[in-house]
Structure formats: structure tokens, C-alpha cells
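Shown next, in C-alpha cells, is the structure this report addresses.
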Amino acid sequence: MERRTRTHRGALVLLLAGGMLLTGCGGGGTTSETSADKATGSGGPRGGQPVPAAPSAAPEQQEDGAQRKEDGDAREVAPPDYLSTFALDVDTASYGYARRMLGEGRLPAPDTVRPEEFVNSFRQGYQRPKDNGFSVTVDGTKAAAGAGDWSLVRVGLATGTADDSGERPPAALTFVVDISGSMAEPGRLDLAKKSLGILTDELRDDDSVSLVTFSGEAETRLKMTRLGGNRTEIRDAVDELEPADSTNVAAGVERGYEEAVKGHRKGANNRVVLLSDALANTGETDADAILERIGDARKEYGITLFGVGVGSDYGDALMERLTNKGDGNTTYIGDETQARKVFVDQLPAHVQLRARDAKAQVAFDRKTVQQFRLIGYENRKVADEDFRDDSVDGGEVGPGHTVTALYAVRLRDGASGHVATATVRWLDPKTREAHEETGSVETGAVDGKLWDGENSRLQVTAVAAYFADILRGGDLPGTPALGELARQARKLAASTEDSSVEKLATAIEQADRIKGGGDEPQGGGGEGEVG
């Protein structure tokens with residue numbers, strides 16, 4: 001069946017109520033459930049409840065969060081939606097590009113800021129699963145003083161790390177390198193060449209690579225070649241790359257997939273690695289049209305796409321769309337240190353797969369939850385009824401990855417008991433068998449204070465989410481001013497001894513100097529999901 005992608009259209013678009021969203025310590029339980037039998041669609045996110053069907057027509061919205069359908073003079077009021085469904089996303093490019101922009105004294109464009117990619121750029125400390133599936137951790141915190149009745153609920157998903165012995169299937173990688181004129185600037189083609197050199201050194205003898213370049217046209221520089229005994233030939237091919245003229249991304253991607261199909265290795269991890277500033281100006285420039293050209297290669301051969309962005313002027317939207325719809329992920333590198341992090345420290349996560357078409361669904365308990373809002377993932381939302389439809393596209397996740405979803409949650413007065421149950425569903429990359437894992441959280445686990453809590457990783461997550469929301473002009477209730485956010489980040493950097501948190505604090509301080517703070521977010525009332 002041809003894969004379909006549908007966005008959730010039943011979400012209620014409401015204003016957030018006044019209050020404060022913050023993060024602190026808390027705990028969550030994790031239960032596992034293998035779901036070979038759930039591939040039929042039986043069961044639901046909690047207690048065997050089925051996922052409700054979406055309304056057939058877009059309902060009129062009311063202030064209390066209910067939905068009104070009109071049929072002549074008859075009106076039916078539907079209850080608020082308490083399900084949230086999205087495709088997993090392990091991208092981090094948005095945060096990397098924002099840091100680059102801030103370092104140059106500029107604020108990133110709001111439409112390039114994706115909170116989930118800020119959050120997923122940091123270690124979370126989730127317990128890893130013992131097998132090849134996912135662990136599910138759900139925790140949270142009560143909002144800080146003066147924030148009203150808002151809380152933050154964190155849904156954390158983690159895959160197991162790569163085998164310490166280095167055992168993995170061989171990789172068959174096709175490098176597709178942008179050599180257009182814009183890549184001549186420092187930090188672009190020179191960094192791409194360094195990155196490929198680093199990757200060539202890290203790959204094993206039984207791995208293989210091919211090399212395609214593109215400017216106005218695409219050219220195959222190296223057919224699929226085993227690393228063993230051929231590293232010098234591969235390095236020479238990379239060293240010879242020089243910038244040319246225009247940027248025909250479509251030609252490069254299409255040729256890259258052609259070479260990937262020719263060099264396809266059964267049982268290997270077959271992947272196209274696109275290194276570009278993604279500033280397409282020649283040929284087809286629409287991501288969906290580009291992907292349509294290589295659709296057969298993706299579906300028949302299971303070839304995935306890994307996008308590596310470079311450059312201070314960067315086509316973020318095109319690269320992100322290509323990788324989201326191309327069964328892959330994207331990152332951004334601004335210097336050689338980041339290149340080594342991606343191609344050395346994180347190499348297994350980028351050349352292996354642990355899960356295909358992974359989706360998450362969070363079912364909030366309407367008895368305890370009045371409102372909730374998913375922070376980010378706007379372009380990864382999935383219709384609730386498509387959660388167990390495995391023809392609907394999800395996310396591809398490698399070993400050692402963590403995926404975090406943060407929710408602003410407003411509990412009802414006097415709420416006690418179950419708050420939410422999170423379920424992750426994925427397909428085994430080899431067998432395509434469906435599996436599921438669940439975790440839940442109670443009100444007692446979301447009543448801690450943010451900055452006084454002991455869970456420093458949860459606090460870092462909150463700082464990253466707040467920072468992203470400020471940069472894109474969001475309205476999360478209770479968002480601290482940039483100066484306060486920077487102070488908290490500095491404290492966390494010291495307590496965690498984590499250099500990545502130190503860099504986060506620096507980025508916030510840079511934004512504060514450029515931006516000078518912002519208005520306090522406004523809020524509203526209602527029930528159910530707010531957008």
C-alpha cells in the first residue's frame with residue numbers, strides 16, 4: 001500500500017489560559033506491550049479503549065473547547081479532544097542553525113525554530129530498553145509560584161545504544177554533495193569535505209560508499225566502493241571537490257538515489273547522505289516533487305535520507321521537508337567539532353535503524369486534565385485514527401536516540417490520579433512487525449517545583465523549550481525572561497558539568513543581548529487540546 005501522510009485536523013484551536021508552564025522533578029512508570037496482535041488496530045492507548053474516529057467535517061470551535069457540528073437547525077456538541085498523535089522526530093538542525101545565527105549576532109527567523117529539535121539536542125537520562133525497542137518515561141512538574149494551575153508533562157522515548165562490540169550490519173552510503181557557487185563560502189564545502197573525511201576514517205572496511213556531486217547538473221564521482229583497501233581513492237575523490245555554479249538539489253538527490261539503487265546491498269543499512277546549504281535555485285525546488293521522483297527507490301529498496309545542513313544562509317525548510325518525507329532525519333553542523341560529534345560520536349545512530357514509521361500517541365485523562373498543548377511537532381502531527389495505520393508515515397529512529405515531547409498541561413481543580421498514558425508504536429526494520437510500548441503518569445508525579453527539583457535533565461529540557469518558544473514568538477504561559485532563563489541555564493551547566501548546557505546558556509545570553517526580552521505571554525480558557 002502506498003504510504004500516506006495525514007495531519008491531525010480535529011485539534012481545537014484555543015488560547016492558552018493565563019498561568020505558567022515550568023519543569024521540575026517527577027517520576028513516571030513504564031510498561032511494555034508487544035503488539036503483533038495490535039497491527040489489526042484492536043485495543044487503544046489505555047485500557048483497551050479504541051482510538052476514536054475523527055469528525056468528518058471541520059467543526060465550529062467554542063470557547064469551552066467543545067466542538068459544534070451543524071446540520072440544518074440541529075446542532076451536536078462533540079466533547080473536547082484528549083488525544084495527541086505525532087510522528088517521532090530525531091532532527092536537531094533547528095537548534096544547531098539557531099546557535100550559528102546567534103553567534104553571528106542575528107536572531108533566527110521564527111519559522112526556522114522548532115522546539116522539539118531544541119529539546120532533542122540534549123541528553124535526557126532516560127532508562128534504555130534491554131532489547132531493540134523503546135523505553136517510555138513519563139514525568140513532569142507543577143508550575144512555579146504565580147503560574148496558576150499549569151504543569152509540564154514530559155514524554156520520553158529512548159532506543160537502546162549500539163552494540164559495544166561494534167557489531168552492526170554493513171553500511172552502504174551514497175554521499176550527495178552540493179558544490180554550487182554558494183558553497184564556496186567558508187563553513188560550507190570546506191566543512192562538508194572535512195566531514196566526509198572524518199566519516200571515511202570512521203567507517204569499517206566492509207562498509208561501502210559512493211559519491212555524487214551537484215551544481216547545475218549532477219555527476220557521479222565514485223560508484224559504490226568498499227572501504228577496505230580503497231580509502232585513499234575515496235579521500236582523493238572528496239579532496240578534488242571544488243565549487244561550481246547554481247544549485248540543482250533535485251538533480252543531486254535523484255542521481256544519488258539512482259546510485260544508491262545500483263549499489264544497494266541486501267542486509268546492509270542503505271542510506272543517502274545529503275550535504276548542502278539547501279539553497280536550491282535551479283531545476284525542481286519543491287521538496288514533495290523531488291521526493292516523488294525517487295519514490296520507488298525509497299519504497300522498494302528502503303533507502304533512507306540523512307540531511308546534513310551547512311552555511312549561515314541555509315535552506316532549512318527544504319532540507320527539513322526532504323528528510324521528514326524521505327524517511328530520514330537532518331542535523332546541522334557549523335564547525336569541525338560539531339562534524340566530529342555527528343560523524344564519530346553519533347555515527348551508529350546515523351547509519352543504523354532500530355525503528356521504522358514510529359509514532360506516539362498520548363491519551364490525556366479528561367477527569368484530571370482540563371487542557372493540554374504539545375510544544376512543537378506542528379509538522380509531524382498525525383490524525384488520531386491513523387496511529388495504528390502502518391501505511392501512514394512515521395519517523396525513522398536509530399540506536400541511542402532519545403525523543404522527547406513536552407506538553408503544557410492544565411489540571412482540573414482538585415485533580416488526583418491518572419494524568420496521561422503515552423504509547424509508542426513502530427515497525428521492526430527487518431520484519432516490519434508492529435510493536436508497542438506504553439508508560440503513564442499520575443498527578444503525584446507532577447507536583448514538584450521546577451527549579452527546586454532534583455531532576456536537572458528535566459530542567460534543561462524546560463529551558464530549551466522556553467528558549468525556542470521565545471525565539472519563535474510563542475505564548476507559553478509563564479515563560480521566564482531571557483535573562484532569568486540564562487541564569488538558570490548557567491546553574492544547570494555547573495551542576496551537570498555538561499558542555500552542551502554551557503553552550504545553551506551562551507546562546508540564550510546572545511539572544512538576550514540582541515532581542516532585549518519580550519512581552520509576557522497571554523492566555524485564555526477552555527478545555528481539551530489547545531493550539
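Ligands are numbered from 1 in the order shown, chains are lettered A, B, ... in the order of the C-alpha cells, and residues start at 1 in each chain.
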Kindly assemble as JSON lines a list of the segment 93-187 of chain A residues that lie within 12 Å of segment 289-308 of chain A, each paired with its nearest atom pair and their distance in Å to one decimal, using only C-alpha atoms, sorted first by chain and then by ascending residue number.
```
{"residue": "A:Ala93", "atom": "CA", "partner": "A:Val308", "partner_atom": "CA", "distance": 8.1}
{"residue": "A:Ser94", "atom": "CA", "partner": "A:Val308", "partner_atom": "CA", "distance": 11.6}
{"residue": "A:Gly96", "atom": "CA", "partner": "A:Val308", "partner_atom": "CA", "distance": 10.9}
{"residue": "A:Tyr97", "atom": "CA", "partner": "A:Val308", "partner_atom": "CA", "distance": 11.2}
{"residue": "A:Ala171", "atom": "CA", "partner": "A:Ile303", "partner_atom": "CA", "distance": 11.3}
{"residue": "A:Ala172", "atom": "CA", "partner": "A:Ile303", "partner_atom": "CA", "distance": 9.7}
{"residue": "A:Leu173", "atom": "CA", "partner": "A:Ile303", "partner_atom": "CA", "distance": 9.6}
{"residue": "A:Thr174", "atom": "CA", "partner": "A:Leu305", "partner_atom": "CA", "distance": 9.6}
{"residue": "A:Phe175", "atom": "CA", "partner": "A:Phe306", "partner_atom": "CA", "distance": 9.7}
{"residue": "A:Val176", "atom": "CA", "partner": "A:Gly307", "partner_atom": "CA", "distance": 9.6}
{"residue": "A:Val177", "atom": "CA", "partner": "A:Val308", "partner_atom": "CA", "distance": 9.8}
{"residue": "A:Asp178", "atom": "CA", "partner": "A:Val308", "partner_atom": "CA", "distance": 10.7}
```
* Secondary structure check, strand (DSSP E) residues of segment 214-445 of chain A, as a PyMOL selection string -> chain A and resi 214+218-226+269-276+304-309+329-332+355-364+369-374+395-397+402-411+418-427+434-442
* Contacts of Asp236 of chain A within 12 Å, only C-alpha atoms, excl. fewer than 4 positions in-chain, as an NGL selection string -> :A and (193 or 196-197 or 200 or 211 or 221-222 or 230-232 or 240-241)
Any chance you can output those residues with N, CA and C atoms as an mmCIF file, in the first residue's frame?
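As written to disk, selection-v9.cif reads:
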```cif
data_model
loop_
_atom_site.group_PDB
_atom_site.id
_atom_site.type_symbol
_atom_site.label_atom_id
_atom_site.label_comp_id
_atom_site.auth_asym_id
_atom_site.auth_seq_id
_atom_site.Cartn_x
_atom_site.Cartn_y
_atom_site.Cartn_z
ATOM 1 N N LYS A 193 33.667 18.707 3.110
ATOM 2 C CA LYS A 193 34.791 17.838 2.770
ATOM 3 C C LYS A 193 35.462 17.290 4.026
ATOM 4 N N LEU A 196 33.214 14.533 5.400
ATOM 5 C CA LEU A 196 33.321 13.284 4.653
ATOM 6 C C LEU A 196 34.640 12.583 4.947
ATOM 7 N N GLY A 197 35.688 13.358 5.151
ATOM 8 C CA GLY A 197 36.969 12.753 5.523
ATOM 9 C C GLY A 197 36.899 12.073 6.872
ATOM 10 N N THR A 200 34.824 8.914 6.454
ATOM 11 C CA THR A 200 35.594 7.877 5.769
ATOM 12 C C THR A 200 36.534 7.158 6.737
ATOM 13 N N LEU A 211 29.861 8.486 -4.361
ATOM 14 C CA LEU A 211 29.916 9.941 -4.273
ATOM 15 C C LEU A 211 29.271 10.580 -5.501
ATOM 16 N N ARG A 221 30.816 10.846 -9.086
ATOM 17 C CA ARG A 221 32.281 10.921 -8.974
ATOM 18 C C ARG A 221 32.897 9.588 -8.567
ATOM 19 N N LEU A 222 32.107 8.771 -7.876
ATOM 20 C CA LEU A 222 32.614 7.474 -7.401
ATOM 21 C C LEU A 222 31.451 6.510 -7.271
ATOM 22 N N ASN A 230 40.438 0.738 -0.214
ATOM 23 C CA ASN A 230 40.119 1.816 -1.159
ATOM 24 C C ASN A 230 39.963 3.183 -0.478
ATOM 25 N N ARG A 231 40.420 3.325 0.739
ATOM 26 C CA ARG A 231 40.229 4.589 1.451
ATOM 27 C C ARG A 231 40.941 5.749 0.764
ATOM 28 N N THR A 232 42.119 5.511 0.228
ATOM 29 C CA THR A 232 42.858 6.574 -0.450
ATOM 30 C C THR A 232 42.097 7.072 -1.672
ATOM 31 N N GLU A 240 39.089 16.409 -4.321
ATOM 32 C CA GLU A 240 39.029 17.066 -5.627
ATOM 33 C C GLU A 240 37.812 17.974 -5.790
ATOM 34 N N LEU A 241 36.891 17.953 -4.846
ATOM 35 C CA LEU A 241 35.660 18.718 -4.988
ATOM 36 C C LEU A 241 35.939 20.221 -4.922
#
```
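Proximity of A:Ala481, A:Ala360, A:Ala445, A:Val419 to Val136 of chain A, computed with only C-alpha atoms, is greatest for A:Ala360.
Nearest residue to Val362 of chain A, choosing from A:Gly181, A:Gly148, A:Gly439, A:Pro129 and counting only C-alpha atoms: A:Gly439.
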Selection near Leu504 of chain A, 10 Å with only C-alpha atoms, sequence-local residues under 5 positions removed, as an mmCIF file with all heavy atoms, in the first residue's frame:
```
data_model
loop_
_atom_site.group_PDB
_atom_site.id
_atom_site.type_symbol
_atom_site.label_atom_id
_atom_site.label_comp_id
_atom_site.auth_asym_id
_atom_site.auth_seq_id
_atom_site.Cartn_x
_atom_site.Cartn_y
_atom_site.Cartn_z
ATOM 1 N N TYR A 95 18.056 23.701 16.129
ATOM 2 C CA TYR A 95 18.855 24.255 17.236
ATOM 3 C C TYR A 95 20.270 24.590 16.773
ATOM 4 O O TYR A 95 20.814 25.656 17.111
ATOM 5 C CB TYR A 95 18.902 23.264 18.390
ATOM 6 C CG TYR A 95 19.799 23.700 19.526
ATOM 7 C CD1 TYR A 95 19.508 24.838 20.269
ATOM 8 C CD2 TYR A 95 20.944 22.975 19.861
ATOM 9 C CE1 TYR A 95 20.339 25.248 21.312
ATOM 10 C CE2 TYR A 95 21.770 23.377 20.903
ATOM 11 C CZ TYR A 95 21.461 24.515 21.618
ATOM 12 O OH TYR A 95 22.286 24.914 22.632
ATOM 13 N N ARG A 99 21.931 28.405 16.860
ATOM 14 C CA ARG A 99 23.197 28.745 17.526
ATOM 15 C C ARG A 99 24.139 29.456 16.562
ATOM 16 O O ARG A 99 24.828 30.419 16.938
ATOM 17 C CB ARG A 99 23.870 27.486 18.063
ATOM 18 C CG ARG A 99 23.300 26.970 19.379
ATOM 19 C CD ARG A 99 24.157 25.841 19.918
ATOM 20 N NE ARG A 99 25.548 26.240 20.039
ATOM 21 C CZ ARG A 99 26.591 25.433 19.875
ATOM 22 N NH1 ARG A 99 26.400 24.158 19.554
ATOM 23 N NH2 ARG A 99 27.823 25.874 20.028
ATOM 24 N N PHE A 118 15.166 21.692 19.497
ATOM 25 C CA PHE A 118 15.948 22.250 20.594
ATOM 26 C C PHE A 118 16.015 21.227 21.722
ATOM 27 O O PHE A 118 17.093 20.903 22.231
ATOM 28 C CB PHE A 118 15.302 23.540 21.109
ATOM 29 C CG PHE A 118 15.631 24.770 20.302
ATOM 30 C CD1 PHE A 118 15.405 24.820 18.934
ATOM 31 C CD2 PHE A 118 16.160 25.888 20.916
ATOM 32 C CE1 PHE A 118 15.697 25.953 18.193
ATOM 33 C CE2 PHE A 118 16.461 27.038 20.192
ATOM 34 C CZ PHE A 118 16.234 27.058 18.821
ATOM 35 N N PHE A 122 19.607 17.627 23.540
ATOM 36 C CA PHE A 122 20.249 17.448 24.844
ATOM 37 C C PHE A 122 20.002 16.048 25.411
ATOM 38 O O PHE A 122 18.966 15.437 25.145
ATOM 39 C CB PHE A 122 19.731 18.507 25.828
ATOM 40 C CG PHE A 122 20.058 19.901 25.403
ATOM 41 C CD1 PHE A 122 19.178 20.628 24.623
ATOM 42 C CD2 PHE A 122 21.284 20.464 25.724
ATOM 43 C CE1 PHE A 122 19.488 21.908 24.188
ATOM 44 C CE2 PHE A 122 21.613 21.735 25.298
ATOM 45 C CZ PHE A 122 20.717 22.457 24.531
ATOM 46 N N VAL A 460 16.769 21.185 32.185
ATOM 47 C CA VAL A 460 17.418 21.573 30.923
ATOM 48 C C VAL A 460 16.401 21.506 29.783
ATOM 49 O O VAL A 460 16.357 22.395 28.915
ATOM 50 C CB VAL A 460 18.624 20.661 30.629
ATOM 51 C CG1 VAL A 460 19.152 20.908 29.213
ATOM 52 C CG2 VAL A 460 19.731 20.883 31.657
ATOM 53 N N VAL A 463 14.251 24.575 29.922
ATOM 54 C CA VAL A 463 14.977 25.763 29.455
ATOM 55 C C VAL A 463 15.022 25.781 27.930
ATOM 56 O O VAL A 463 14.768 26.809 27.297
ATOM 57 C CB VAL A 463 16.397 25.802 30.048
ATOM 58 C CG1 VAL A 463 17.224 26.892 29.368
ATOM 59 C CG2 VAL A 463 16.352 26.048 31.554
ATOM 60 N N ALA A 464 15.360 24.649 27.317
ATOM 61 C CA ALA A 464 15.446 24.578 25.860
ATOM 62 C C ALA A 464 14.100 24.875 25.205
ATOM 63 O O ALA A 464 14.024 25.585 24.196
ATOM 64 C CB ALA A 464 15.958 23.201 25.434
ATOM 65 N N PHE A 467 13.237 28.605 25.584
ATOM 66 C CA PHE A 467 14.104 29.387 24.704
ATOM 67 C C PHE A 467 13.565 29.360 23.275
ATOM 68 O O PHE A 467 13.447 30.404 22.615
ATOM 69 C CB PHE A 467 15.525 28.843 24.779
ATOM 70 C CG PHE A 467 16.533 29.600 23.971
ATOM 71 C CD1 PHE A 467 16.471 30.984 23.845
ATOM 72 C CD2 PHE A 467 17.576 28.933 23.337
ATOM 73 C CE1 PHE A 467 17.415 31.684 23.097
ATOM 74 C CE2 PHE A 467 18.525 29.619 22.599
ATOM 75 C CZ PHE A 467 18.443 30.998 22.476
ATOM 76 N N ALA A 486 18.697 32.457 31.125
ATOM 77 C CA ALA A 486 20.153 32.308 31.025
ATOM 78 C C ALA A 486 20.765 31.985 32.376
ATOM 79 O O ALA A 486 21.677 31.145 32.475
ATOM 80 C CB ALA A 486 20.774 33.583 30.449
ATOM 81 N N ALA A 489 20.137 28.419 33.141
ATOM 82 C CA ALA A 489 20.972 27.570 32.292
ATOM 83 C C ALA A 489 22.401 27.521 32.811
ATOM 84 O O ALA A 489 23.050 26.458 32.779
ATOM 85 C CB ALA A 489 20.940 28.078 30.852
ATOM 86 N N ARG A 490 22.929 28.645 33.293
ATOM 87 C CA ARG A 490 24.289 28.670 33.854
ATOM 88 C C ARG A 490 24.382 27.770 35.088
ATOM 89 O O ARG A 490 25.364 27.038 35.268
ATOM 90 C CB ARG A 490 24.675 30.102 34.215
ATOM 91 C CG ARG A 490 25.010 30.981 33.034
ATOM 92 C CD ARG A 490 26.307 30.549 32.374
ATOM 93 N NE ARG A 490 26.551 31.315 31.148
ATOM 94 C CZ ARG A 490 27.391 30.931 30.206
ATOM 95 N NH1 ARG A 490 28.059 29.795 30.328
ATOM 96 N NH2 ARG A 490 27.578 31.662 29.119
ATOM 97 N N ALA A 493 24.385 24.228 33.892
ATOM 98 C CA ALA A 493 25.660 23.872 33.266
ATOM 99 C C ALA A 493 26.686 23.500 34.327
ATOM 100 O O ALA A 493 27.468 22.551 34.157
ATOM 101 C CB ALA A 493 26.170 25.027 32.413
ATOM 102 N N SER A 499 28.965 20.396 28.758
ATOM 103 C CA SER A 499 29.367 21.499 27.884
ATOM 104 C C SER A 499 28.237 21.934 26.959
ATOM 105 O O SER A 499 28.160 23.108 26.566
ATOM 106 C CB SER A 499 30.588 21.099 27.049
ATOM 107 O OG SER A 499 30.291 19.984 26.216
ATOM 108 N N GLU A 509 22.088 33.970 26.308
ATOM 109 C CA GLU A 509 22.666 35.289 26.595
ATOM 110 C C GLU A 509 22.838 36.105 25.321
ATOM 111 O O GLU A 509 22.594 37.321 25.305
ATOM 112 C CB GLU A 509 24.003 35.116 27.311
ATOM 113 C CG GLU A 509 23.859 34.574 28.732
ATOM 114 C CD GLU A 509 25.165 34.068 29.313
ATOM 115 O OE1 GLU A 509 26.160 33.946 28.553
ATOM 116 O OE2 GLU A 509 25.192 33.776 30.512
ATOM 117 N N GLN A 510 23.256 35.452 24.241
ATOM 118 C CA GLN A 510 23.395 36.144 22.964
ATOM 119 C C GLN A 510 22.043 36.656 22.477
ATOM 120 O O GLN A 510 21.921 37.806 22.008
ATOM 121 C CB GLN A 510 24.013 35.201 21.925
ATOM 122 C CG GLN A 510 25.472 34.860 22.194
ATOM 123 C CD GLN A 510 25.979 33.722 21.320
ATOM 124 O OE1 GLN A 510 25.204 32.877 20.864
ATOM 125 N NE2 GLN A 510 27.287 33.687 21.084
#
```
* segment 336-343 of chain A: which residues within 8 Å, counting only C-alpha atoms, same-chain residues fewer than 4 positions away excluded, as a ChimeraX atom specification? -> /A:191,194-195,198-199,202,347
How would the residues just chosen look if you wrote them out with N, CA, C and O atoms as an mmCIF file, in the first residue's frame?
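Result file follows (out-v1.cif):
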```
data_model
loop_
_atom_site.group_PDB
_atom_site.id
_atom_site.type_symbol
_atom_site.label_atom_id
_atom_site.label_comp_id
_atom_site.auth_asym_id
_atom_site.auth_seq_id
_atom_site.Cartn_x
_atom_site.Cartn_y
_atom_site.Cartn_z
ATOM 1 N N LEU A 191 33.781 22.559 4.995
ATOM 2 C CA LEU A 191 33.330 21.784 6.145
ATOM 3 C C LEU A 191 32.721 20.451 5.705
ATOM 4 O O LEU A 191 32.904 19.423 6.369
ATOM 5 N N LYS A 194 35.638 18.137 5.029
ATOM 6 C CA LYS A 194 36.201 17.657 6.295
ATOM 7 C C LYS A 194 35.297 16.590 6.915
ATOM 8 O O LYS A 194 35.778 15.582 7.446
ATOM 9 N N SER A 195 33.982 16.826 6.848
ATOM 10 C CA SER A 195 33.023 15.877 7.420
ATOM 11 C C SER A 195 33.115 14.526 6.727
ATOM 12 O O SER A 195 33.100 13.469 7.372
ATOM 13 N N ILE A 198 36.238 12.739 7.824
ATOM 14 C CA ILE A 198 36.054 12.148 9.156
ATOM 15 C C ILE A 198 35.237 10.871 9.056
ATOM 16 O O ILE A 198 35.579 9.843 9.657
ATOM 17 N N LEU A 199 34.164 10.923 8.282
ATOM 18 C CA LEU A 199 33.296 9.754 8.149
ATOM 19 C C LEU A 199 34.028 8.603 7.465
ATOM 20 O O LEU A 199 33.880 7.433 7.869
ATOM 21 N N GLU A 202 36.021 6.760 9.923
ATOM 22 C CA GLU A 202 35.262 6.037 10.942
ATOM 23 C C GLU A 202 34.574 4.784 10.411
ATOM 24 O O GLU A 202 34.298 3.856 11.169
ATOM 25 N N LEU A 347 27.791 8.326 15.108
ATOM 26 C CA LEU A 347 27.779 7.591 13.846
ATOM 27 C C LEU A 347 26.783 6.429 13.819
ATOM 28 O O LEU A 347 26.006 6.302 12.864
#
```
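In this comparison, which uses only C-alpha atoms, the residue of A:Ala251, A:Leu227, A:Ala405, A:Ala184 approaching Thr213 of chain A most closely is A:Ala251.
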* **Surrounding residues of Thr85 of chain A excluding itself and chain neighbours under 5 positions, 10 Å, only C-alpha atoms, as a PyMOL selection string** => chain A and resi 7-8+359-363+374+377+380-387+422-424
Filtering to C-alpha atoms, could you give me those residues as an mmCIF file, in the first residue's frame?
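Contents of the output file again_27.cif:
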```cif
data_model
loop_
_atom_site.group_PDB
_atom_site.id
_atom_site.type_symbol
_atom_site.label_atom_id
_atom_site.label_comp_id
_atom_site.auth_asym_id
_atom_site.auth_seq_id
_atom_site.Cartn_x
_atom_site.Cartn_y
_atom_site.Cartn_z
ATOM 1 C CA THR A 7 -2.184 15.801 9.542
ATOM 2 C CA HIS A 8 -4.492 15.957 12.503
ATOM 3 C CA LYS A 359 4.557 7.220 16.041
ATOM 4 C CA ALA A 360 3.492 8.264 19.526
ATOM 5 C CA GLN A 361 0.036 8.808 20.934
ATOM 6 C CA VAL A 362 -0.659 10.427 24.301
ATOM 7 C CA ALA A 363 -4.107 9.927 25.838
ATOM 8 C CA LEU A 374 2.001 19.813 22.579
ATOM 9 C CA TYR A 377 5.869 18.929 16.362
ATOM 10 C CA ARG A 380 4.770 15.958 12.499
ATOM 11 C CA LYS A 381 1.177 15.663 13.701
ATOM 12 C CA VAL A 382 -0.754 12.562 12.678
ATOM 13 C CA ALA A 383 -4.522 12.050 12.705
ATOM 14 C CA ASP A 384 -5.512 10.179 15.862
ATOM 15 C CA GLU A 385 -7.230 7.391 13.926
ATOM 16 C CA ASP A 386 -4.045 6.818 11.889
ATOM 17 C CA PHE A 387 -1.926 5.856 14.889
ATOM 18 C CA ALA A 422 1.807 7.522 26.302
ATOM 19 C CA THR A 423 2.134 4.787 23.676
ATOM 20 C CA VAL A 424 4.841 4.459 21.044
#
```
* What does the distance from atom CA of Asp201 of chain A to atom CA of Gly229 of chain A come to in Å, to one decimal? ->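 The value is 12.4 Å.
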* How many Å separate atom CA of Gly444 of chain A from atom CA of Ala468 of chain A? ->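 Spanning atom CA of Gly444 of chain A to atom CA of Ala468 of chain A is a straight-line distance of 28.1 Å.
Closest to Glu529 of chain A among A:Glu437, A:Asp131, A:Glu185, A:Asp365 is A:Asp365, based on only C-alpha atoms.
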* Could you pull out all residues of segment 339-430 of chain A with a DSSP call of alpha helix (DSSP H) and give them as a PyMOL selection string? -> chain A and resi 339-340+347-351
* Contacts of Glu284 of chain A within 12 Å, only C-alpha atoms, excl. fewer than 3 positions in-chain, as a PyMOL selection string -> chain A and resi 216-217+247-254+279-281+287-293+318
* So which one's closest to Val351 of chain A, A:Asn379, A:Asn270, A:Thr285, A:Ser276? Using only C-alpha atoms, please. -> A:Asn270
* Taking into account only C-alpha atoms, which residue in the set A:Asp469, A:Asp206, A:Asp190, A:Asp357 is nearest to Asp389 of chain A? -> A:Asp357
